[in-house]
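Single-structure report; data block below.
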Amino acid sequence: MWVTAQAFRMYPTDRQVFVEHLEQYVKESDYPGLDVFICTADPYKEPPMSVVNTALSVMAYDYPTEKLSVYVSDDGGSKLTLFAFMEAARFAAHWLPYCRKNKVVERCPKAHFGSSNPSRFPETDQIKMMYESMRVRVENVVKRGSISHDYITKEGESEALSRWTDGFTPQNHPPVVQVLLEHGKDKDVTGHGMPNLVYISREKSTDSPHRFKAGALNVLLRVSATMTNAPVILTLDSDMYSNDPQTPLRALCYLLDPSMDPKLGYVQFPQVFHGINKNDIYGGELSHVFEVHMPGMDGLAGPIHVGSGGFFRRRVFYGCPSETLEMNRDRQVSHSIKSREVLAMAHHVAGCKYENQTEWGRKMGFRYGSLVEDLYTSCLLQCEGWKSIYCNPKRPAFLGESPINLHDFLNQTMRWSVGLLEVAFSRYSPITFGVQSISLLSGLCFAHYTFWAIWAIPVTIYAFLPQLALLNSASIFPKISDPWCWLYVVLFLGAYGQDYLEFVLSGGPTQRWWNHQRAWMMRGLSSFTFGLVEYLLKYVGISTFGFNVTSKVVEEEQSKRYKQGIFEFGVPSPVFLPLTTAAIINLVAFLSGIAQAGRQRSIEDVFLQLFLAGFAVVNCWPVYEAMAWRRDQGKLPLKITVISVVLAWALYSTSSMAF
Ligand SMILES: O=c1ccn([C@@H]2O[C@H](COP(=O)(O)OP(=O)(O)O[C@H]3O[C@H](CO)[C@@H](O)[C@H](O)[C@H]3O)[C@@H](O)[C@H]2O)c(=O)[nH]1
Ligand SMILES: [Mn+2]
């Protein structure tokens, strides 16, 4: 792991774009078409209002509206989401001209109206009222789970919603493609054209695999090809709203640069999260990835795709750079996107049997076979010869949500671990295939990610073994007077020192760094371990671990505790067990070590073990709090504490036989 990590440090690259120069090179009328893909998967975990906000923020981009289309993929197959988008289409007719006229910077309505320092224009109150009434309607509908007739105002709407017949379930339903706005036909309140807005819920059937997000993205690729077929595509998660209306122009600065390598396939923006608490207790900002790894890969063949905020050339999904140069995939579509032929074709390509016997997911589109379709696809694209660029402007281009409770956080990392191991042990493993096809260094970078979960092994050993030895009065490290002891000291200080320096030099405060290292240990003990086990079970065919969508619903009490920096346990979940068991063993070992040092022998013998246990105890402080004296809803359920005490006892008894 150390060796692979060095690959990120060879050619770190920082870039800057000058958007204001773009107009000297390209006329607005020559901008390429832009198709934006937004994925959502569950109206109860990803509130439709949040998806609507994401869509509105990109519909309001500073981009010629006739070239902009927004496609929403709803894997939840929910009419509630479709209803929310019908409302959004109506509201957009007011929102887009309001943003354009007033040059609003915050084009996500929720962020605009909720900002602590709101900009005010003559129409602000009126638009805010409209937004609020839309929000109330949508939230009511989601709460009730049904749409009352008074809410349906247009004829086409009830027809679209009538497709949710009795047998229609999220797992089993025909494809739904609904054009909500069409450029050229629909106008905003000032008579200006609007971008296309299309709702898609691909066909689902319990007897066809649906391939999670990669499957959804491939349907989006095909449906958009039948309608607008724009040469540039932007991928977005449901919660990643645009925070800067000029972002597409930044991407064009690279994609249209005549001196750029023609193999440039995509421009990746970082994922920046809003609402992370002051000291980032779960290490949710992933600062290492976005501050160290991505610039490091940018100096090689280019950064990975992180699932959201990637501007792709459509061509990359159809083959390697040399093949697609001759193919003219970027054909213009001339029919109205509401015409019968186009809609028939769109429904056809959104069918779940369409991909059978095709190269979709293997040589075309987003690749299947991993729960981290983003990293996997970008790795294979780079193997084909495509390059990428990292664009990290000062004002974040997109803002999204990060888990605010420990359970979601650990489960998210567990899903990533499983997905990454699937890549690590695939035919296209970066350590074998990648290093040959891309380059040694790029292959090592990808390998560093894909083998992430094997940290579980050393972290678990260090969390239990020296402590159990200490409890049994056995010393396993050299004495402090032995020169070999310094090897451990230097390695520990070296690793921690490097990590700390990198964090602080990229502008992070020390307290955050401390929390990040704790989050890393928590991941190591819980998510990576469970991920390894899940992967093995999946490999032998016992488990069918899937894409468990992270909840974006913010519960008020929980959010309050999160803001205060309090760890949220709450649910009785087995993912906490390695943490709580380790916390107990380390505390007992630490106390027993001190007692031993006082009584039988000198502290010299057990110094390193004592230090390790003490270090873990300091890190585990929030766990003791949650176990022992917290009274709020987020404390550790008693059941988990009891099971961990039993586990700790069992471990100790077993170990006393071994030592
Ligand atoms: O069957 C599915 C499952 C998920 N999604 C969408 O995928 C996105 C990401 O899901 P989320 O639960 O937010 O996962 P995260 O762990 O936060 O996502 C990170 O990791 C994923 C890979 O595991 C990437 O796809 C994401 O882009 C990346 O942000 C969301 O918009 C979902 O709606 C689907 O469209 N279909
Ligand atoms: Mn997410």
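Letters A, B, ... mark the chains of the structure tokens in the order given; residue numbers begin at 1 per chain; ligand numbers begin at 1, in order shown.
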
Next on the checklist: Distance limit 8 Å, reference ligand 2, atoms considered: only C-alpha atoms and all ligand atoms. Which residues make the cut? Give them as a count of residues only.
Outcome noted: 10

Next on the checklist: Could you pull out the strand (DSSP E or B) residues of segment 197-262 of chain A, going by DSSP on the backbone, and write them as a PyMOL selection string?
Outcome noted: chain A and resi 197-201+204+232-237+241-242

Residues at most 6 Å from ligand 1, using only C-alpha atoms and all ligand atoms? Could they come as a short mmCIF file (atom, residue, chain, number, x, y, z; two decimals) with N, CA and C atoms, in the first residue's frame?
```cif
data_model
loop_
_atom_site.label_atom_id
_atom_site.label_comp_id
_atom_site.auth_asym_id
_atom_site.auth_seq_id
_atom_site.Cartn_x
_atom_site.Cartn_y
_atom_site.Cartn_z
N CYS A 39 -29.08 10.99 -11.64
CA CYS A 39 -29.60 9.69 -11.20
C CYS A 39 -30.27 9.82 -9.85
N THR A 40 -31.44 9.20 -9.71
CA THR A 40 -32.02 9.06 -8.39
C THR A 40 -32.56 7.65 -8.29
N ALA A 41 -32.71 7.15 -7.05
CA ALA A 41 -33.02 5.73 -6.94
C ALA A 41 -34.11 5.40 -5.93
N ASP A 75 -34.55 5.37 -10.75
CA ASP A 75 -34.52 3.92 -10.52
C ASP A 75 -35.53 3.53 -9.45
N PHE A 212 -27.62 -1.69 -11.23
CA PHE A 212 -27.52 -0.51 -10.38
C PHE A 212 -27.28 0.77 -11.19
N LYS A 213 -26.37 1.61 -10.68
CA LYS A 213 -26.23 2.92 -11.31
C LYS A 213 -25.64 2.83 -12.72
N ALA A 216 -28.36 2.31 -15.04
CA ALA A 216 -29.16 3.52 -15.22
C ALA A 216 -28.45 4.48 -16.17
N ASP A 237 -24.98 13.05 -9.38
CA ASP A 237 -25.79 12.32 -8.41
C ASP A 237 -26.96 13.21 -8.01
N SER A 238 -27.99 12.57 -7.46
CA SER A 238 -29.21 13.32 -7.16
C SER A 238 -28.97 14.51 -6.24
N VAL A 306 -15.44 10.18 -10.40
CA VAL A 306 -15.98 9.91 -9.07
C VAL A 306 -17.50 9.84 -9.07
N GLY A 307 -18.09 9.48 -10.19
CA GLY A 307 -19.53 9.23 -10.24
C GLY A 307 -20.38 10.44 -10.46
N SER A 308 -19.84 11.61 -10.15
CA SER A 308 -20.61 12.83 -10.26
C SER A 308 -19.64 13.93 -10.69
N LEU A 371 -19.44 -2.42 -7.98
CA LEU A 371 -20.34 -1.45 -7.34
C LEU A 371 -19.76 -0.05 -7.39
N VAL A 372 -18.48 0.09 -7.75
CA VAL A 372 -17.94 1.43 -7.97
C VAL A 372 -17.75 1.59 -9.48
N ASP A 374 -17.97 3.98 -11.26
CA ASP A 374 -17.26 5.19 -11.66
C ASP A 374 -15.75 4.93 -11.82
N GLN A 412 -21.54 3.02 3.65
CA GLN A 412 -21.09 3.57 2.37
C GLN A 412 -19.68 3.07 2.05
N TRP A 416 -18.24 0.70 -1.04
CA TRP A 416 -17.07 1.04 -1.86
C TRP A 416 -16.04 -0.08 -1.80
N PHE A 547 -26.26 -2.36 -4.27
CA PHE A 547 -26.00 -0.93 -4.11
C PHE A 547 -27.02 -0.37 -3.14
N VAL A 549 -28.41 2.50 -1.38
CA VAL A 549 -28.33 3.95 -1.57
C VAL A 549 -28.22 4.65 -0.21
N THR A 550 -27.32 5.62 -0.12
CA THR A 550 -27.15 6.38 1.11
C THR A 550 -28.32 7.34 1.28
#
```

Checklist entry - Which residues, written as a VMD selection string, have at least one atom at most 9 Å from segment 57-62 of chain A, with only C-alpha atoms counted and residues fewer than 3 positions away on the same chain left out? => result chain A and resid 36 52 to 54 65 68 to 70 92 95 to 97 99 to 100 106 to 109 194 to 197 241 to 249

Residue subset to file, keeping C-alpha atoms, as an mmCIF file, in the first residue's frame:
```cif
data_model
loop_
_atom_site.group_PDB
_atom_site.id
_atom_site.type_symbol
_atom_site.label_atom_id
_atom_site.label_comp_id
_atom_site.auth_asym_id
_atom_site.auth_seq_id
_atom_site.Cartn_x
_atom_site.Cartn_y
_atom_site.Cartn_z
ATOM 1 C CA VAL A 36 -26.859 16.357 -18.177
ATOM 2 C CA VAL A 52 -35.509 18.836 -8.290
ATOM 3 C CA ASN A 53 -33.093 21.349 -6.798
ATOM 4 C CA THR A 54 -30.193 19.611 -8.497
ATOM 5 C CA THR A 65 -30.634 26.811 -23.649
ATOM 6 C CA LEU A 68 -28.789 22.092 -22.940
ATOM 7 C CA SER A 69 -30.833 19.017 -21.967
ATOM 8 C CA VAL A 70 -31.415 17.521 -18.549
ATOM 9 C CA ALA A 92 -38.421 26.587 -14.062
ATOM 10 C CA TRP A 95 -36.723 30.479 -12.018
ATOM 11 C CA LEU A 96 -34.570 30.508 -15.169
ATOM 12 C CA PRO A 97 -35.395 34.080 -16.275
ATOM 13 C CA CYS A 99 -31.523 33.841 -12.487
ATOM 14 C CA ARG A 100 -30.592 35.160 -15.907
ATOM 15 C CA GLU A 106 -26.629 30.364 -6.430
ATOM 16 C CA ARG A 107 -28.801 28.666 -9.032
ATOM 17 C CA CYS A 108 -30.004 25.931 -6.754
ATOM 18 C CA PRO A 109 -33.236 27.436 -5.373
ATOM 19 C CA MET A 194 -36.163 26.495 -22.107
ATOM 20 C CA PRO A 195 -33.769 23.558 -22.004
ATOM 21 C CA ASN A 196 -35.130 20.061 -22.570
ATOM 22 C CA LEU A 197 -36.180 18.217 -19.438
ATOM 23 C CA TYR A 241 -26.332 20.527 -7.168
ATOM 24 C CA SER A 242 -24.463 23.092 -9.224
ATOM 25 C CA ASN A 243 -22.831 25.819 -7.220
ATOM 26 C CA ASP A 244 -21.415 27.774 -10.156
ATOM 27 C CA PRO A 245 -23.309 28.542 -13.374
ATOM 28 C CA GLN A 246 -20.067 28.823 -15.355
ATOM 29 C CA THR A 247 -18.927 25.272 -14.727
ATOM 30 C CA PRO A 248 -19.703 23.940 -18.228
ATOM 31 C CA LEU A 249 -17.623 26.758 -19.699
#
```

If we count only C-alpha atoms, what is near Ala93 of chain A at a cut-off of 10 Å, once residues fewer than 6 positions away on the same chain are taken out, given as a compact mmCIF listing (two decimals) with N, CA and C atoms, in the first residue's frame?
```txt
# COMPACT_ATOMS: atom_id res chain seq x y z
N LEU A 181 -40.18 19.16 -20.68
CA LEU A 181 -39.96 20.44 -21.34
C LEU A 181 -39.24 20.17 -22.65
N ASP A 186 -41.49 24.86 -25.48
CA ASP A 186 -41.80 25.45 -24.18
C ASP A 186 -40.98 26.72 -23.96
N LYS A 187 -41.69 27.75 -23.50
CA LYS A 187 -41.01 29.04 -23.28
C LYS A 187 -41.14 29.42 -21.81
N ASP A 188 -40.17 30.18 -21.32
CA ASP A 188 -40.32 30.66 -19.95
C ASP A 188 -41.21 31.91 -19.95
N VAL A 189 -41.42 32.51 -18.78
CA VAL A 189 -42.39 33.61 -18.70
C VAL A 189 -41.96 34.85 -19.48
N THR A 190 -40.69 34.91 -19.87
CA THR A 190 -40.27 36.07 -20.67
C THR A 190 -40.25 35.72 -22.16
N GLY A 191 -40.68 34.51 -22.50
CA GLY A 191 -40.72 34.12 -23.92
C GLY A 191 -39.43 33.52 -24.43
N HIS A 192 -38.47 33.37 -23.53
CA HIS A 192 -37.17 32.78 -23.88
C HIS A 192 -37.33 31.25 -23.88
N GLY A 193 -36.60 30.56 -24.77
CA GLY A 193 -36.70 29.09 -24.82
C GLY A 193 -36.18 28.44 -23.54
N MET A 194 -36.63 27.21 -23.30
CA MET A 194 -36.16 26.50 -22.11
C MET A 194 -35.36 25.26 -22.53
```

Item to check | Residues near segment 136-145 of chain A, cut-off 8 Å, only C-alpha atoms, skip fewer than 3 positions along chain, as a VMD selection string | outcome: chain A and resid 43 to 44 48 to 49 80 83 to 84 87 132 to 133 148 151

Can I get the selection written as an mmCIF file, in the first residue's frame, with N, CA and C atoms?
```
data_model
loop_
_atom_site.group_PDB
_atom_site.id
_atom_site.type_symbol
_atom_site.label_atom_id
_atom_site.label_comp_id
_atom_site.auth_asym_id
_atom_site.auth_seq_id
_atom_site.Cartn_x
_atom_site.Cartn_y
_atom_site.Cartn_z
ATOM 1 N N PRO A 43 -37.389 7.531 -3.696
ATOM 2 C CA PRO A 43 -37.962 8.816 -3.262
ATOM 3 C C PRO A 43 -37.936 8.994 -1.747
ATOM 4 N N TYR A 44 -37.768 7.874 -0.998
ATOM 5 C CA TYR A 44 -37.767 8.031 0.458
ATOM 6 C C TYR A 44 -36.368 8.231 1.018
ATOM 7 N N PRO A 48 -37.485 13.796 -3.433
ATOM 8 C CA PRO A 48 -37.629 14.379 -4.762
ATOM 9 C C PRO A 48 -37.312 15.877 -4.804
ATOM 10 N N MET A 49 -37.570 16.597 -3.714
ATOM 11 C CA MET A 49 -37.270 18.031 -3.742
ATOM 12 C C MET A 49 -35.767 18.269 -3.900
ATOM 13 N N LEU A 80 -44.122 9.746 -7.633
ATOM 14 C CA LEU A 80 -43.929 10.922 -6.780
ATOM 15 C C LEU A 80 -42.798 11.773 -7.351
ATOM 16 N N PHE A 83 -44.031 13.436 -10.464
ATOM 17 C CA PHE A 83 -44.867 14.580 -10.100
ATOM 18 C C PHE A 83 -43.987 15.769 -9.706
ATOM 19 N N ALA A 84 -42.951 15.501 -8.901
ATOM 20 C CA ALA A 84 -42.060 16.582 -8.476
ATOM 21 C C ALA A 84 -41.455 17.276 -9.692
ATOM 22 N N GLU A 87 -43.869 19.623 -11.430
ATOM 23 C CA GLU A 87 -43.885 20.892 -10.701
ATOM 24 C C GLU A 87 -42.634 21.701 -11.048
ATOM 25 N N GLU A 132 -41.741 27.957 -2.452
ATOM 26 C CA GLU A 132 -42.272 27.361 -1.231
ATOM 27 C C GLU A 132 -43.548 26.579 -1.503
ATOM 28 N N SER A 133 -44.403 27.142 -2.368
ATOM 29 C CA SER A 133 -45.663 26.427 -2.588
ATOM 30 C C SER A 133 -45.394 25.142 -3.366
ATOM 31 N N SER A 148 -53.043 13.897 -5.115
ATOM 32 C CA SER A 148 -54.477 14.201 -5.157
ATOM 33 C C SER A 148 -54.800 14.910 -6.472
ATOM 34 N N TYR A 151 -53.991 18.546 -7.577
ATOM 35 C CA TYR A 151 -52.625 18.930 -7.890
ATOM 36 C C TYR A 151 -52.295 18.784 -9.365
#
```

Next on the checklist: For a test of reading the model, state the distance in Å between atom CA of Phe18 of chain A and atom CA of Tyr63 of chain A, rounded to one decimal.
Outcome noted: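 Taking atom CA of Phe18 of chain A and atom CA of Tyr63 of chain A, their separation equals 16.6 Å.
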
Next on the checklist: Please list as a list in words every residue within 6 Å of segment 298-300 of chain A, counting only C-alpha atoms and excluding residues in the same chain fewer than 4 positions away.
Outcome noted: Tyr11, Pro12, Thr13, Ile389 and Tyr390 of chain A

Taking only residues of segment 273-359 of chain A that have an atom at most 9 Å from an atom of segment 375-382 of chain A, what is each one's shortest atom pair and its distance in Å to one decimal, using only C-alpha atoms, in chain and number order, as JSON lines?
```
{"residue": "A:Ala301", "atom": "CA", "partner": "A:Gln382", "partner_atom": "CA", "distance": 7.0}
{"residue": "A:Gly302", "atom": "CA", "partner": "A:Gln382", "partner_atom": "CA", "distance": 8.2}
{"residue": "A:Pro303", "atom": "CA", "partner": "A:Ser378", "partner_atom": "CA", "distance": 8.4}
{"residue": "A:Ile304", "atom": "CA", "partner": "A:Ser378", "partner_atom": "CA", "distance": 5.6}
{"residue": "A:His305", "atom": "CA", "partner": "A:Ser378", "partner_atom": "CA", "distance": 5.6}
{"residue": "A:Val306", "atom": "CA", "partner": "A:Leu375", "partner_atom": "CA", "distance": 6.5}
{"residue": "A:Gly307", "atom": "CA", "partner": "A:Leu375", "partner_atom": "CA", "distance": 7.8}
{"residue": "A:Val316", "atom": "CA", "partner": "A:Leu381", "partner_atom": "CA", "distance": 7.2}
{"residue": "A:Phe317", "atom": "CA", "partner": "A:Leu381", "partner_atom": "CA", "distance": 8.2}
{"residue": "A:Gly319", "atom": "CA", "partner": "A:Leu381", "partner_atom": "CA", "distance": 8.5}
{"residue": "A:Cys320", "atom": "CA", "partner": "A:Leu381", "partner_atom": "CA", "distance": 7.6}
```

Filtering to N, CA and C atoms, could you give me those residues as a PDB file, in the first residue's frame?
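Contents of again-v4.pdb, freshly written:
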```pdb
ATOM      1  N   ALA A 301      -2.062   9.836 -16.377  1.00  0.00           N
ATOM      2  CA  ALA A 301      -3.059   9.795 -17.459  1.00  0.00           C
ATOM      3  C   ALA A 301      -4.330  10.559 -17.108  1.00  0.00           C
ATOM      4  N   GLY A 302      -4.471  10.944 -15.848  1.00  0.00           N
ATOM      5  CA  GLY A 302      -5.632  11.728 -15.463  1.00  0.00           C
ATOM      6  C   GLY A 302      -6.377  11.118 -14.306  1.00  0.00           C
ATOM      7  N   PRO A 303      -7.238  11.930 -13.672  1.00  0.00           N
ATOM      8  CA  PRO A 303      -7.937  11.487 -12.468  1.00  0.00           C
ATOM      9  C   PRO A 303      -8.999  10.423 -12.761  1.00  0.00           C
ATOM     10  N   ILE A 304      -9.426   9.735 -11.706  1.00  0.00           N
ATOM     11  CA  ILE A 304     -10.542   8.802 -11.836  1.00  0.00           C
ATOM     12  C   ILE A 304     -11.830   9.606 -11.985  1.00  0.00           C
ATOM     13  N   HIS A 305     -12.877   8.930 -12.424  1.00  0.00           N
ATOM     14  CA  HIS A 305     -14.199   9.540 -12.398  1.00  0.00           C
ATOM     15  C   HIS A 305     -14.795   9.202 -11.044  1.00  0.00           C
ATOM     16  N   VAL A 306     -15.443  10.181 -10.402  1.00  0.00           N
ATOM     17  CA  VAL A 306     -15.980   9.911  -9.072  1.00  0.00           C
ATOM     18  C   VAL A 306     -17.505   9.840  -9.068  1.00  0.00           C
ATOM     19  N   GLY A 307     -18.093   9.485 -10.195  1.00  0.00           N
ATOM     20  CA  GLY A 307     -19.528   9.225 -10.237  1.00  0.00           C
ATOM     21  C   GLY A 307     -20.380  10.445 -10.459  1.00  0.00           C
ATOM     22  N   VAL A 316     -16.371   8.630 -25.761  1.00  0.00           N
ATOM     23  CA  VAL A 316     -15.577   7.703 -24.954  1.00  0.00           C
ATOM     24  C   VAL A 316     -16.345   6.426 -24.641  1.00  0.00           C
ATOM     25  N   PHE A 317     -17.672   6.516 -24.699  1.00  0.00           N
ATOM     26  CA  PHE A 317     -18.467   5.347 -24.332  1.00  0.00           C
ATOM     27  C   PHE A 317     -18.655   4.367 -25.483  1.00  0.00           C
ATOM     28  N   GLY A 319     -15.891   3.376 -27.624  1.00  0.00           N
ATOM     29  CA  GLY A 319     -14.665   2.713 -28.087  1.00  0.00           C
ATOM     30  C   GLY A 319     -13.440   3.550 -27.807  1.00  0.00           C
ATOM     31  N   CYS A 320     -12.289   3.040 -28.276  1.00  0.00           N
ATOM     32  CA  CYS A 320     -11.044   3.731 -27.951  1.00  0.00           C
ATOM     33  C   CYS A 320     -10.862   4.948 -28.862  1.00  0.00           C
TER      34      CYS A 320
END
```

Cut-off 12 Å: closest segment 390-491 of chain A/segment 612-616 of chain A atom pairs per residue, using only C-alpha atoms, as a tab-separated table:
```
residue	atom	partner	partner_atom	distance
A:Val459	CA	A:Ala616	CA	11.2
A:Thr460	CA	A:Ala616	CA	11.9
A:Ile461	CA	A:Leu612	CA	11.7
A:Tyr462	CA	A:Leu612	CA	8.0
A:Ala463	CA	A:Ala616	CA	7.6
A:Phe464	CA	A:Ala613	CA	9.1
A:Leu465	CA	A:Ala613	CA	10.4
A:Pro466	CA	A:Leu612	CA	7.8
A:Gln467	CA	A:Ala613	CA	6.3
A:Leu468	CA	A:Ala613	CA	10.0
A:Ala469	CA	A:Ala613	CA	11.1
A:Leu470	CA	A:Ala613	CA	9.2
A:Leu471	CA	A:Ala613	CA	10.8
A:Phe477	CA	A:Leu612	CA	11.1
A:Tyr488	CA	A:Leu612	CA	11.2
A:Val489	CA	A:Leu612	CA	11.1
```

Quick one: write out the picked residues with N, CA and C atoms as a short mmCIF file (atom, residue, chain, number, x, y, z; two decimals), in the first residue's frame?
```
data_model
loop_
_atom_site.label_atom_id
_atom_site.label_comp_id
_atom_site.auth_asym_id
_atom_site.auth_seq_id
_atom_site.Cartn_x
_atom_site.Cartn_y
_atom_site.Cartn_z
N VAL A 459 -4.97 -3.11 10.34
CA VAL A 459 -5.67 -2.32 11.36
C VAL A 459 -6.28 -3.25 12.41
N THR A 460 -6.87 -4.34 11.97
CA THR A 460 -7.48 -5.27 12.94
C THR A 460 -6.40 -5.91 13.81
N ILE A 461 -5.30 -6.29 13.21
CA ILE A 461 -4.24 -6.90 14.01
C ILE A 461 -3.73 -5.93 15.07
N TYR A 462 -3.49 -4.69 14.65
CA TYR A 462 -2.98 -3.70 15.61
C TYR A 462 -4.02 -3.32 16.66
N ALA A 463 -5.28 -3.51 16.35
CA ALA A 463 -6.31 -3.14 17.32
C ALA A 463 -6.48 -4.22 18.38
N PHE A 464 -6.10 -5.45 18.08
CA PHE A 464 -6.37 -6.53 19.03
C PHE A 464 -5.13 -7.26 19.54
N LEU A 465 -4.22 -7.58 18.64
CA LEU A 465 -3.15 -8.50 19.03
C LEU A 465 -2.24 -7.97 20.15
N PRO A 466 -1.64 -6.77 20.01
CA PRO A 466 -0.76 -6.31 21.07
C PRO A 466 -1.50 -6.15 22.39
N GLN A 467 -2.79 -5.79 22.30
CA GLN A 467 -3.57 -5.57 23.52
C GLN A 467 -3.88 -6.90 24.21
N LEU A 468 -4.24 -7.91 23.42
CA LEU A 468 -4.51 -9.21 24.02
C LEU A 468 -3.24 -9.78 24.64
N ALA A 469 -2.11 -9.53 23.96
CA ALA A 469 -0.84 -9.98 24.51
C ALA A 469 -0.58 -9.29 25.85
N LEU A 470 -0.85 -8.01 25.88
CA LEU A 470 -0.62 -7.23 27.10
C LEU A 470 -1.48 -7.78 28.24
N LEU A 471 -2.73 -8.10 27.93
CA LEU A 471 -3.62 -8.65 28.95
C LEU A 471 -3.08 -9.97 29.49
N PHE A 477 6.68 -6.68 21.29
CA PHE A 477 7.57 -5.74 20.61
C PHE A 477 8.92 -5.73 21.32
N TYR A 488 9.95 0.70 14.88
CA TYR A 488 8.50 0.92 15.04
C TYR A 488 8.18 2.38 15.25
N VAL A 489 9.03 3.02 16.06
CA VAL A 489 8.78 4.42 16.36
C VAL A 489 8.89 5.26 15.08
#
```

Sorted per-residue table, segment 340-410 of chain A near segment 506-526 of chain A, closest atoms and distance, 10 Å, only C-alpha atoms, as a tab-separated table:
```
residue	atom	partner	partner_atom	distance
A:Leu406	CA	A:Met522	CA	9.6
A:Phe409	CA	A:Arg523	CA	8.8
A:Leu410	CA	A:Arg523	CA	6.5
```

Item to check | atom CA of Pro64 of chain A to atom CA of Glu182 of chain A, straight-line distance in Å | outcome: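 Separation between atom CA of Glu182 of chain A and atom CA of Pro64 of chain A: 14.0 Å.
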
Item to check | Option closest in space to Phe607 of chain A, from A:Asp35, A:Glu359, A:Asp482, A:Asp30 [counting only C-alpha atoms] | outcome: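 Of A:Asp35, A:Glu359, A:Asp482, A:Asp30, the one nearest Phe607 of chain A, counting only C-alpha atoms, is A:Asp482.
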
Item to check | Members of segment 176-259 of chain A assigned helix (DSSP H, G or I) by DSSP, as a list of chain:residue names | outcome: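 In segment 176-259 of chain A, DSSP puts these residues in helix (DSSP H, G or I): A:Phe212, A:Lys213, A:Ala214, A:Gly215, A:Ala216, A:Leu217, A:Asn218, A:Val219, A:Leu220, A:Leu221, A:Arg222, A:Val223, A:Ser224, A:Ala225, A:Thr226, A:Met227, A:Thr247, A:Pro248, A:Leu249, A:Arg250, A:Ala251, A:Leu252, A:Cys253, A:Tyr254, A:Leu255.
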
Atoms kept (C-alpha atoms) for selection, written as an mmCIF file, in the first residue's frame:
```cif
data_model
loop_
_atom_site.group_PDB
_atom_site.id
_atom_site.type_symbol
_atom_site.label_atom_id
_atom_site.label_comp_id
_atom_site.auth_asym_id
_atom_site.auth_seq_id
_atom_site.Cartn_x
_atom_site.Cartn_y
_atom_site.Cartn_z
ATOM 1 C CA PHE A 212 -27.516 -0.507 -10.380
ATOM 2 C CA LYS A 213 -26.231 2.920 -11.312
ATOM 3 C CA ALA A 214 -24.139 1.775 -14.269
ATOM 4 C CA GLY A 215 -27.276 0.283 -15.798
ATOM 5 C CA ALA A 216 -29.158 3.523 -15.216
ATOM 6 C CA LEU A 217 -26.405 5.574 -16.823
ATOM 7 C CA ASN A 218 -26.334 3.344 -19.887
ATOM 8 C CA VAL A 219 -30.062 3.799 -20.362
ATOM 9 C CA LEU A 220 -29.505 7.543 -20.074
ATOM 10 C CA LEU A 221 -26.774 7.317 -22.709
ATOM 11 C CA ARG A 222 -29.093 5.552 -25.129
ATOM 12 C CA VAL A 223 -32.250 7.536 -24.481
ATOM 13 C CA SER A 224 -30.382 10.812 -24.809
ATOM 14 C CA ALA A 225 -28.825 9.517 -28.039
ATOM 15 C CA THR A 226 -32.299 9.099 -29.533
ATOM 16 C CA MET A 227 -33.296 12.615 -28.517
ATOM 17 C CA THR A 247 -18.927 25.272 -14.727
ATOM 18 C CA PRO A 248 -19.703 23.940 -18.228
ATOM 19 C CA LEU A 249 -17.623 26.758 -19.699
ATOM 20 C CA ARG A 250 -14.697 25.696 -17.542
ATOM 21 C CA ALA A 251 -15.020 22.194 -18.890
ATOM 22 C CA LEU A 252 -15.159 23.590 -22.451
ATOM 23 C CA CYS A 253 -11.888 25.416 -21.849
ATOM 24 C CA TYR A 254 -10.304 21.964 -21.859
ATOM 25 C CA LEU A 255 -12.573 20.069 -24.194
#
```
